[in-house]
$ cat entry-v7.txt   # compact mmCIF, C-alpha atoms
# COMPACT_ATOMS: atom_id res chain seq x y z
CA MET A 1 71.42 82.08 79.30
CA ASP A 2 74.62 81.07 81.11
CA GLU A 3 76.30 84.47 81.14
CA LEU A 4 73.26 86.01 82.79
CA TYR A 5 73.14 83.30 85.49
CA MET A 6 76.84 83.78 86.09
CA VAL A 7 76.65 87.56 86.56
CA LEU A 8 73.47 87.45 88.65
CA GLY A 9 74.82 84.59 90.77
CA MET A 10 78.16 86.30 91.38
CA ALA A 11 76.41 89.57 92.23
CA THR A 12 74.04 87.84 94.67
CA VAL A 13 76.65 85.85 96.61
CA THR A 14 79.05 88.81 96.75
CA TYR A 15 76.36 91.15 98.03
CA LEU A 16 75.07 88.64 100.59
CA ILE A 17 78.57 88.10 101.99
CA ARG A 18 79.13 91.84 102.34
CA TYR A 19 75.71 92.55 103.83
CA ILE A 20 74.63 89.59 105.97
CA MET A 21 76.67 90.50 109.06
CA PHE A 22 74.77 93.74 109.63
CA PRO A 23 71.19 92.42 110.06
CA ILE A 24 72.33 89.45 112.18
CA SER A 25 74.66 91.50 114.38
CA GLY A 26 71.69 92.79 116.37
CA TYR A 27 70.90 89.25 117.53
CA VAL A 28 74.35 87.77 118.00
CA ARG A 29 76.79 88.91 120.63
CA PHE A 30 80.35 88.19 119.54
CA PRO A 31 82.71 86.90 122.21
CA ASP A 32 85.36 89.36 123.31
CA LEU A 33 88.14 87.17 121.94
CA LEU A 34 86.62 87.24 118.45
CA GLU A 35 86.19 91.00 118.54
CA ARG A 36 89.82 91.44 119.56
CA SER A 37 90.95 89.20 116.71
CA LEU A 38 89.29 91.40 114.08
CA GLU A 39 92.10 93.96 114.10
CA PHE A 40 94.33 91.31 112.51
CA VAL A 41 91.90 90.68 109.66
CA PRO A 42 92.96 93.33 107.12
CA PRO A 43 96.74 92.69 107.24
CA ALA A 44 96.24 88.89 107.32
CA VAL A 45 93.86 88.84 104.33
CA LEU A 46 95.99 91.22 102.28
CA SER A 47 99.16 89.23 103.03
CA ALA A 48 97.43 86.02 101.97
CA ILE A 49 96.81 87.68 98.60
CA ILE A 50 100.23 89.37 98.28
CA PHE A 51 102.56 86.46 99.04
CA PRO A 52 101.41 83.95 96.37
CA SER A 53 101.04 86.62 93.68
CA VAL A 54 104.60 87.80 94.31
CA LEU A 55 106.39 84.52 95.10
CA MET A 56 104.44 82.35 92.63
CA PRO A 57 103.66 84.69 89.72
CA GLY A 58 101.34 83.38 87.03
CA GLN A 59 100.04 80.63 89.33
CA GLY A 60 103.37 78.97 88.79
CA ALA A 61 105.88 77.34 91.08
CA LEU A 62 107.66 79.09 93.94
CA ASP A 63 110.21 81.49 92.39
CA LEU A 64 112.64 83.00 94.89
CA SER A 65 115.25 83.91 92.26
CA LEU A 66 116.48 87.32 91.16
CA GLU A 67 114.83 86.64 87.82
CA ASN A 68 111.41 87.14 89.41
CA PRO A 69 110.50 90.82 88.85
CA TYR A 70 107.43 90.47 91.12
CA LEU A 71 109.67 89.57 94.05
CA VAL A 72 112.14 92.39 93.32
CA GLY A 73 109.30 94.92 92.93
CA ALA A 74 107.62 93.75 96.13
CA VAL A 75 110.81 93.98 98.20
CA GLY A 76 111.40 97.48 96.81
CA ALA A 77 107.82 98.53 97.59
CA SER A 78 108.10 97.15 101.14
CA LEU A 79 111.36 98.99 101.82
CA ALA A 80 109.94 102.22 100.38
CA GLY A 81 106.83 101.79 102.52
CA TRP A 82 108.88 101.17 105.62
CA PHE A 83 111.15 104.19 105.18
CA PHE A 84 108.74 106.75 103.77
CA LYS A 85 105.52 105.69 105.53
CA ASN A 86 103.51 106.88 102.56
CA ILE A 87 101.23 104.67 100.50
CA LEU A 88 101.61 106.57 97.23
CA THR A 89 105.41 106.41 97.45
CA THR A 90 105.16 102.69 98.20
CA ILE A 91 103.04 101.90 95.15
CA VAL A 92 104.99 104.14 92.75
CA THR A 93 108.38 102.81 93.90
CA GLY A 94 107.17 99.23 93.57
CA MET A 95 105.73 99.71 90.08
CA VAL A 96 108.67 101.71 88.72
CA LEU A 97 111.15 99.17 90.08
CA PHE A 98 109.07 96.28 88.74
CA PHE A 99 108.84 97.63 85.20
CA PHE A 100 112.47 98.79 85.14
CA TYR A 101 113.59 95.38 86.31
CA LYS A 102 111.25 93.37 84.07
CA TRP A 103 112.01 95.27 80.86
CA LEU A 104 115.64 96.37 81.29
CA VAL A 105 117.45 94.29 83.86
CA ILE A 106 116.10 90.80 83.19
CA PRO A 107 116.67 90.91 79.41
CA ALA A 108 120.26 92.03 80.16
CA ILE A 109 121.06 89.28 82.68
CA ALA A 110 119.14 86.47 80.98
CA MET B 1 74.76 118.08 101.35
CA THR B 2 76.10 120.20 104.22
CA SER B 3 79.64 121.46 103.96
CA ALA B 4 80.79 119.08 106.73
CA ASN B 5 79.35 116.19 104.75
CA ARG B 6 80.95 117.39 101.55
CA ARG B 7 84.28 117.59 103.32
CA GLU B 8 83.98 114.00 104.56
CA PHE B 9 82.93 112.77 101.11
CA LEU B 10 85.85 114.49 99.38
CA LYS B 11 88.31 113.36 102.04
CA GLY B 12 87.15 109.76 101.63
CA ALA B 13 87.58 110.02 97.87
CA GLY B 14 90.93 111.82 98.28
CA ASP B 15 92.38 109.24 100.66
CA THR B 16 91.41 106.55 98.14
CA ILE B 17 93.36 108.13 95.26
CA PRO B 18 96.66 106.35 96.04
CA LEU B 19 94.82 103.01 95.91
CA ILE B 20 93.21 104.00 92.61
CA LEU B 21 96.70 104.15 91.14
CA GLY B 22 96.93 100.40 91.61
CA ALA B 23 93.31 99.72 90.67
CA VAL B 24 93.66 101.41 87.27
CA PRO B 25 96.05 98.92 85.65
CA PHE B 26 94.23 96.07 87.39
CA GLY B 27 90.86 97.18 85.97
CA ILE B 28 92.24 97.69 82.47
CA ILE B 29 93.90 94.29 82.39
CA PHE B 30 90.66 92.75 83.70
CA GLY B 31 88.62 94.26 80.85
CA THR B 32 91.26 93.19 78.33
CA LEU B 33 91.52 89.59 79.53
CA ALA B 34 87.75 89.26 79.96
CA SER B 35 87.06 89.99 76.32
CA GLY B 36 89.81 87.53 75.40
CA ALA B 37 88.14 84.86 77.54
CA GLY B 38 85.12 84.90 75.27
CA LEU B 39 82.60 86.80 77.39
CA SER B 40 80.22 89.29 75.79
CA PHE B 41 80.64 93.02 76.34
CA GLU B 42 77.43 93.07 78.41
CA ALA B 43 78.55 90.23 80.67
CA VAL B 44 81.89 91.87 81.44
CA MET B 45 80.39 95.29 82.12
CA GLY B 46 77.59 93.60 84.07
CA MET B 47 80.17 92.02 86.35
CA SER B 48 81.89 95.32 87.11
CA ILE B 49 78.55 97.12 87.59
CA PHE B 50 76.74 94.52 89.73
CA VAL B 51 79.44 92.33 91.31
CA PHE B 52 82.16 94.95 91.91
CA ALA B 53 84.77 92.53 93.28
CA GLY B 54 88.11 92.71 91.46
CA SER B 55 89.86 89.53 92.47
CA ALA B 56 86.67 87.40 92.21
CA GLN B 57 86.05 88.79 88.73
CA PHE B 58 89.61 87.90 87.77
CA VAL B 59 89.20 84.35 89.01
CA ALA B 60 85.86 84.11 87.18
CA ILE B 61 87.33 84.96 83.77
CA GLY B 62 90.10 82.43 84.43
CA LEU B 63 87.41 79.80 85.00
CA VAL B 64 85.42 80.90 81.94
CA SER B 65 88.45 80.41 79.72
CA GLN B 66 88.89 76.93 81.21
CA GLY B 67 85.28 76.17 80.25
CA ALA B 68 83.82 76.04 83.79
CA GLY B 69 80.03 76.17 84.20
CA TRP B 70 78.25 79.16 85.74
CA LEU B 71 77.45 77.38 89.01
CA VAL B 72 81.11 76.51 89.62
CA ILE B 73 81.98 80.16 88.96
CA VAL B 74 79.33 81.40 91.39
CA LEU B 75 80.49 79.01 94.12
CA THR B 76 84.11 80.00 93.57
CA THR B 77 83.10 83.65 93.86
CA LEU B 78 81.54 82.82 97.20
CA VAL B 79 84.79 81.34 98.48
CA VAL B 80 87.05 84.07 97.08
CA ASN B 81 84.85 86.75 98.64
CA LEU B 82 84.40 85.09 102.03
CA ARG B 83 87.07 87.44 103.36
CA HIS B 84 84.55 90.26 103.08
CA LEU B 85 82.58 88.55 105.82
CA LEU B 86 85.52 89.30 108.08
CA TYR B 87 85.59 92.91 106.87
CA ALA B 88 81.87 93.32 107.58
CA ALA B 89 82.34 91.84 111.05
CA SER B 90 85.00 94.46 111.78
CA LEU B 91 82.61 97.24 110.74
CA ILE B 92 79.59 96.11 112.82
CA PRO B 93 80.24 98.44 115.75
CA TYR B 94 80.59 101.40 113.40
CA TYR B 95 77.56 100.60 111.24
CA ARG B 96 75.29 99.96 114.24
CA LYS B 97 73.99 103.55 114.34
CA LEU B 98 73.33 103.75 110.59
CA SER B 99 69.90 103.36 109.01
CA GLY B 100 69.04 100.22 107.04
CA ARG B 101 69.37 102.12 103.80
CA TRP B 102 72.95 103.17 104.57
CA LYS B 103 73.95 99.64 105.57
CA PHE B 104 72.43 98.40 102.32
CA LEU B 105 74.36 100.91 100.25
CA LEU B 106 77.73 100.83 102.01
CA SER B 107 77.93 97.03 102.15
CA PHE B 108 77.71 96.92 98.34
CA GLY B 109 80.99 98.83 98.17
CA LEU B 110 82.91 96.81 100.74
CA THR B 111 86.01 96.18 98.61
CA ASP B 112 89.49 95.57 100.03
CA GLU B 113 90.50 99.15 99.31
CA THR B 114 87.44 100.97 100.61
CA PHE B 115 87.34 98.75 103.67
CA ALA B 116 90.96 99.59 104.51
CA VAL B 117 90.48 103.33 104.03
CA ALA B 118 87.09 103.57 105.77
CA TYR B 119 88.04 101.30 108.68
CA ALA B 120 91.01 103.57 109.45
CA ARG B 121 88.65 106.57 109.44
CA TYR B 122 86.09 104.87 111.71
CA ARG B 123 88.84 104.09 114.20
CA GLU B 124 90.05 107.68 114.41
CA LYS B 125 89.32 109.19 117.80
CA ASP B 126 87.30 112.26 116.75
CA ASP B 127 83.54 111.96 117.27
CA SER B 128 82.42 113.04 113.78
CA GLU B 129 78.91 111.82 112.98
CA ASN B 130 79.71 111.76 109.27
CA LYS B 131 82.29 109.00 108.94
CA HIS B 132 79.86 107.00 106.81
CA ILE B 133 79.92 109.84 104.27
CA TYR B 134 83.70 109.44 104.13
CA ASN B 135 83.10 105.72 103.53
CA LEU B 136 80.68 106.62 100.70
CA GLY B 137 83.22 108.96 99.10
CA SER B 138 85.83 106.21 99.00
CA MET B 139 83.32 103.71 97.63
CA ALA B 140 82.03 106.08 94.94
CA LEU B 141 85.50 106.76 93.57
CA MET B 142 86.49 103.07 93.59
CA TYR B 143 83.24 102.15 91.81
CA LEU B 144 83.50 104.83 89.16
CA ASN B 145 87.13 104.00 88.51
CA TRP B 146 86.60 100.23 88.37
CA ASN B 147 83.84 100.54 85.79
CA LEU B 148 85.71 103.10 83.73
CA CYS B 149 88.85 100.95 83.66
CA THR B 150 86.87 97.84 82.74
CA LEU B 151 85.44 99.81 79.82
CA VAL B 152 88.90 101.01 78.75
CA GLY B 153 90.19 97.43 78.85
CA LEU B 154 87.22 96.17 76.84
CA THR B 155 87.55 98.80 74.14
CA ILE B 156 91.12 100.13 73.95
CA GLY B 157 93.05 97.50 75.95
CA LYS B 158 92.27 94.61 73.65
CA THR B 159 93.57 96.51 70.62
CA VAL B 160 97.05 96.86 72.20
CA PRO B 161 99.11 93.84 71.16
CA GLY B 162 100.78 91.92 73.99
CA ILE B 163 99.29 94.07 76.78
CA GLU B 164 98.60 90.96 78.88
CA LYS B 165 102.36 90.34 79.08
CA TRP B 166 103.28 93.80 80.36
CA GLY B 167 102.94 92.77 83.99
CA LEU B 168 100.10 95.17 84.83
CA ASP B 169 98.92 92.58 87.35
CA PHE B 170 101.78 93.65 89.65
CA ALA B 171 99.70 96.74 90.46
CA MET B 172 97.54 94.71 92.84
CA PRO B 173 100.27 93.32 95.13
CA ALA B 174 102.04 96.70 95.03
CA THR B 175 98.88 98.43 96.24
CA PHE B 176 98.21 95.82 98.90
CA ILE B 177 101.79 96.11 100.21
CA GLY B 178 101.16 99.83 100.62
CA MET B 179 98.04 98.97 102.60
CA VAL B 180 99.73 96.39 104.88
CA ILE B 181 102.87 98.33 105.88
CA PRO B 182 101.05 100.80 108.21
CA TYR B 183 99.75 97.83 110.25
CA LEU B 184 103.27 96.62 111.08
CA VAL B 185 103.57 98.43 114.41
CA ASN B 186 104.01 95.53 116.84
CA THR B 187 105.07 91.87 117.09
CA PRO B 188 101.55 90.38 116.87
CA MET B 189 100.99 92.20 113.56
CA TRP B 190 104.30 90.93 112.14
CA ALA B 191 103.31 87.42 113.23
CA ALA B 192 99.89 87.75 111.56
CA VAL B 193 101.37 89.03 108.29
CA PHE B 194 104.13 86.45 107.93
CA THR B 195 102.02 83.52 109.09
CA ALA B 196 99.26 84.40 106.62
CA GLY B 197 101.88 84.85 103.89
CA ILE B 198 103.66 81.54 104.48
CA PHE B 199 100.39 79.60 104.77
CA SER B 200 99.01 81.17 101.60
CA VAL B 201 102.04 80.00 99.62
CA ALA B 202 102.00 76.54 101.20
CA LEU B 203 98.24 76.12 100.62
CA ASN B 204 98.20 77.65 97.15
CA PHE B 205 97.56 74.20 95.64
CA LEU B 206 94.05 74.08 97.15
CA PRO B 207 91.27 74.54 94.58
CA HIS B 208 89.08 77.65 94.26
CA LYS B 209 91.44 79.84 96.27
CA LEU B 210 90.44 78.06 99.49
CA GLY B 211 94.03 78.49 100.64
CA LEU B 212 93.49 82.26 100.88
CA MET B 213 90.82 81.95 103.53
CA ALA B 214 92.71 79.27 105.49
CA ALA B 215 95.88 81.36 105.40
CA ALA B 216 94.06 84.50 106.54
CA LEU B 217 92.58 82.62 109.50
CA ALA B 218 96.03 81.19 110.34
CA GLY B 219 97.43 84.73 110.29
CA VAL B 220 94.71 86.07 112.58
CA THR B 221 95.27 83.16 114.97
CA ALA B 222 99.02 83.77 115.05
CA GLY B 223 98.42 87.44 115.80
CA MET B 224 96.06 86.53 118.64
CA ILE B 225 98.48 84.01 120.19
CA CYS B 226 101.31 86.51 120.04
CA ASP B 227 99.06 89.20 121.53
CA SER B 228 97.99 86.93 124.41
CA LEU B 229 101.61 86.06 125.19
CA ASN B 230 102.46 89.77 125.26
CA ARG B 231 99.57 90.52 127.59
CA ARG B 232 100.53 87.71 129.94
CA GLN B 233 104.12 88.94 130.10
CA GLY B 234 102.87 92.48 130.68
CA VAL B 235 100.95 91.23 133.72
CA LYS B 236 103.97 89.32 135.09
CA HIS B 237 106.44 92.18 134.82
CA GLY B 238 104.20 95.13 135.35
$ encode --input "entry-v7.txt" --output "structure tokens"
Amino acid sequence: MDELYMVLGMATVTYLIRYIMFPISGYVRFPDLLERSLEFVPPAVLSAIIFPSVLMPGQGALDLSLENPYLVGAVGASLAGWFFKNILTTIVTGMVLFFFYKWLVIPAIA
Amino acid sequence: MTSANRREFLKGAGDTIPLILGAVPFGIIFGTLASGAGLSFEAVMGMSIFVFAGSAQFVAIGLVSQGAGWLVIVLTTLVVNLRHLLYAASLIPYYRKLSGRWKFLLSFGLTDETFAVAYARYREKDDSENKHIYNLGSMALMYLNWNLCTLVGLTIGKTVPGIEKWGLDFAMPATFIGMVIPYLVNTPMWAAVFTAGIFSVALNFLPHKLGLMAAALAGVTAGMICDSLNRRQGVKHG
């Protein structure tokens, strides 16, 4: 049955990707340059997810206007993060601003 | 469990709570949309229980509703999750001492959130032998929450009219912004973040989210170039 193949297949590839590095790491020596580059991995990956979901919401076209609540919420979250240096404050500020803007401000200006 | 272990476990779970705040709406909207896409209850819960990869699961239900076959979905999952290969690579030095069983267990829970929280803990200077327990605490809470929220979406979420238009999907970028900001401490990091961001938008047209991986690699490269330039200048002036 297709659903079963789908779930088992997804589970297998996901697990292999997450696991495979550990058994092979005993045999492979990574070059110094590669090891140094790994510190950039988390922020680079996360940014590659954040930017399109905020600037192109709904898989749509680039939307840099003030009518894009995702952009407004993201800018607010970033500023809150920068000033308060606290992840909870960042997320809450972003979400509150997003919903306030999406449900109250946009209907008023549109 | 010794009390030191219990402390690490609870601290790992505790430090993950802010990220849970973003994962809750994301999980609920996943469960809601998945049932709307025509998947059975078992298939959706099976995904959250055995796959445990939020963004890949999201992409999968998008493909299901477009009528894609299971093999296409599995291959797309592979591409979307390739970034975890980079996460695992970053953890190699810290997992080296662990037994095979621990590596087996912890790699199952290598999500974006748990990786970010655990990696920060592993890099702390204290020589605690129990940082993997911290990692487990973070993973356990993420796992429990993800499955619970999927269930809520599948049962309650789909009875709420118009929930898919609320914008609950903003929870993910909001959480990820909270995770990126602490990295922005020097020029190479800024270069990595903005290069990855610009490339991901420019390459968004690529199929199966291939642009994500390409953009991440571009960001890492930009960070490295910037870092090398800094080092060279440091040598010249100092």
$ closest_atom_pairs --input "entry-v7.txt" --of "chain A" --to "chain B" --cutoff "6 Å" --atoms "all atoms listed in the file" --output "tab-separated table"
residue	atom	partner	partner_atom	distance
A:Met6	CA	B:Trp70	CA	4.8
A:Val7	CA	B:Met47	CA	5.7
A:Gly9	CA	B:Val74	CA	5.6
A:Met10	CA	B:Val74	CA	5.0
A:Ala11	CA	B:Val51	CA	4.2
A:Val13	CA	B:Leu78	CA	5.8
A:Tyr15	CA	B:Phe108	CA	5.9
A:Ile17	CA	B:Leu85	CA	5.6
A:Arg18	CA	B:Ser107	CA	5.3
A:Tyr19	CA	B:Ser107	CA	5.3
A:Leu38	CA	B:Ser90	CA	5.7
A:Phe40	CA	B:Val220	CA	5.3
A:Pro43	CA	B:Val180	CA	5.3
A:Ala44	CA	B:Ala216	CA	5.0
A:Val45	CA	B:Ala216	CA	4.9
A:Ser47	CA	B:Gly197	CA	5.2
A:Ala48	CA	B:Gly197	CA	5.0
A:Ile50	CA	B:Pro173	CA	5.1
A:Phe51	CA	B:Gly197	CA	5.2
A:Pro52	CA	B:Val201	CA	5.2
A:Ile87	CA	B:Gly178	CA	4.8
A:Leu88	CA	B:Pro18	CA	5.1
A:Thr90	CA	B:Gly178	CA	5.5
A:Ile91	CA	B:Ala174	CA	5.3
A:Gly94	CA	B:Ala174	CA	5.9
$ atom_distance --input "entry-v7.txt" --atom1 "atom CA of Thr155 of chain B" --atom2 "atom CA of Leu63 of chain B"
21.9 Å
$ residues_around --input "entry-v7.txt" --residues "Tyr101 of chain A" --least-positions-apart "2" --cutoff "10 Å" --atoms "all atoms listed in the file" --output "tab-separated table (two decimals) with C-alpha atoms, keeping the file's coordinate frame"
chain	number	residue	atom	x	y	z
A	66	LEU	CA	116.48	87.32	91.16
A	67	GLU	CA	114.83	86.64	87.82
A	68	ASN	CA	111.41	87.14	89.41
A	69	PRO	CA	110.50	90.82	88.85
A	70	TYR	CA	107.43	90.47	91.12
A	72	VAL	CA	112.14	92.39	93.32
A	73	GLY	CA	109.30	94.92	92.93
A	95	MET	CA	105.73	99.71	90.08
A	96	VAL	CA	108.67	101.71	88.72
A	97	LEU	CA	111.15	99.17	90.08
A	98	PHE	CA	109.07	96.28	88.74
A	99	PHE	CA	108.84	97.63	85.20
A	103	TRP	CA	112.01	95.27	80.86
A	104	LEU	CA	115.64	96.37	81.29
A	105	VAL	CA	117.45	94.29	83.86
A	106	ILE	CA	116.10	90.80	83.19
A	107	PRO	CA	116.67	90.91	79.41
A	108	ALA	CA	120.26	92.03	80.16
$ closest_residue --input "entry-v7.txt" --among "A:Met56, A:Pro42, A:Asp63, A:Gly81" --to "Glu113 of chain B" --atoms "all atoms listed in the file"
A:Pro42
$ closest_residue --input "entry-v7.txt" --among "B:Ala118, B:Ile133, B:Cys149, B:Leu154" --to "Thr16 of chain B" --atoms "only C-alpha atoms"
B:Ala118
$ atom_distance --input "entry-v7.txt" --atom1 "atom CA of Leu136 of chain B" --atom2 "atom CA of Thr2 of chain B"
14.8 Å
$ atom_distance --input "entry-v7.txt" --atom1 "atom CA of Val24 of chain B" --atom2 "atom CA of Gly54 of chain B"
11.1 Å
$ closest_residue --input "entry-v7.txt" --among "A:Val92, A:Val28, A:Ile49, A:Leu64" --to "Gly76 of chain A" --atoms "all atoms listed in the file"
A:Val92
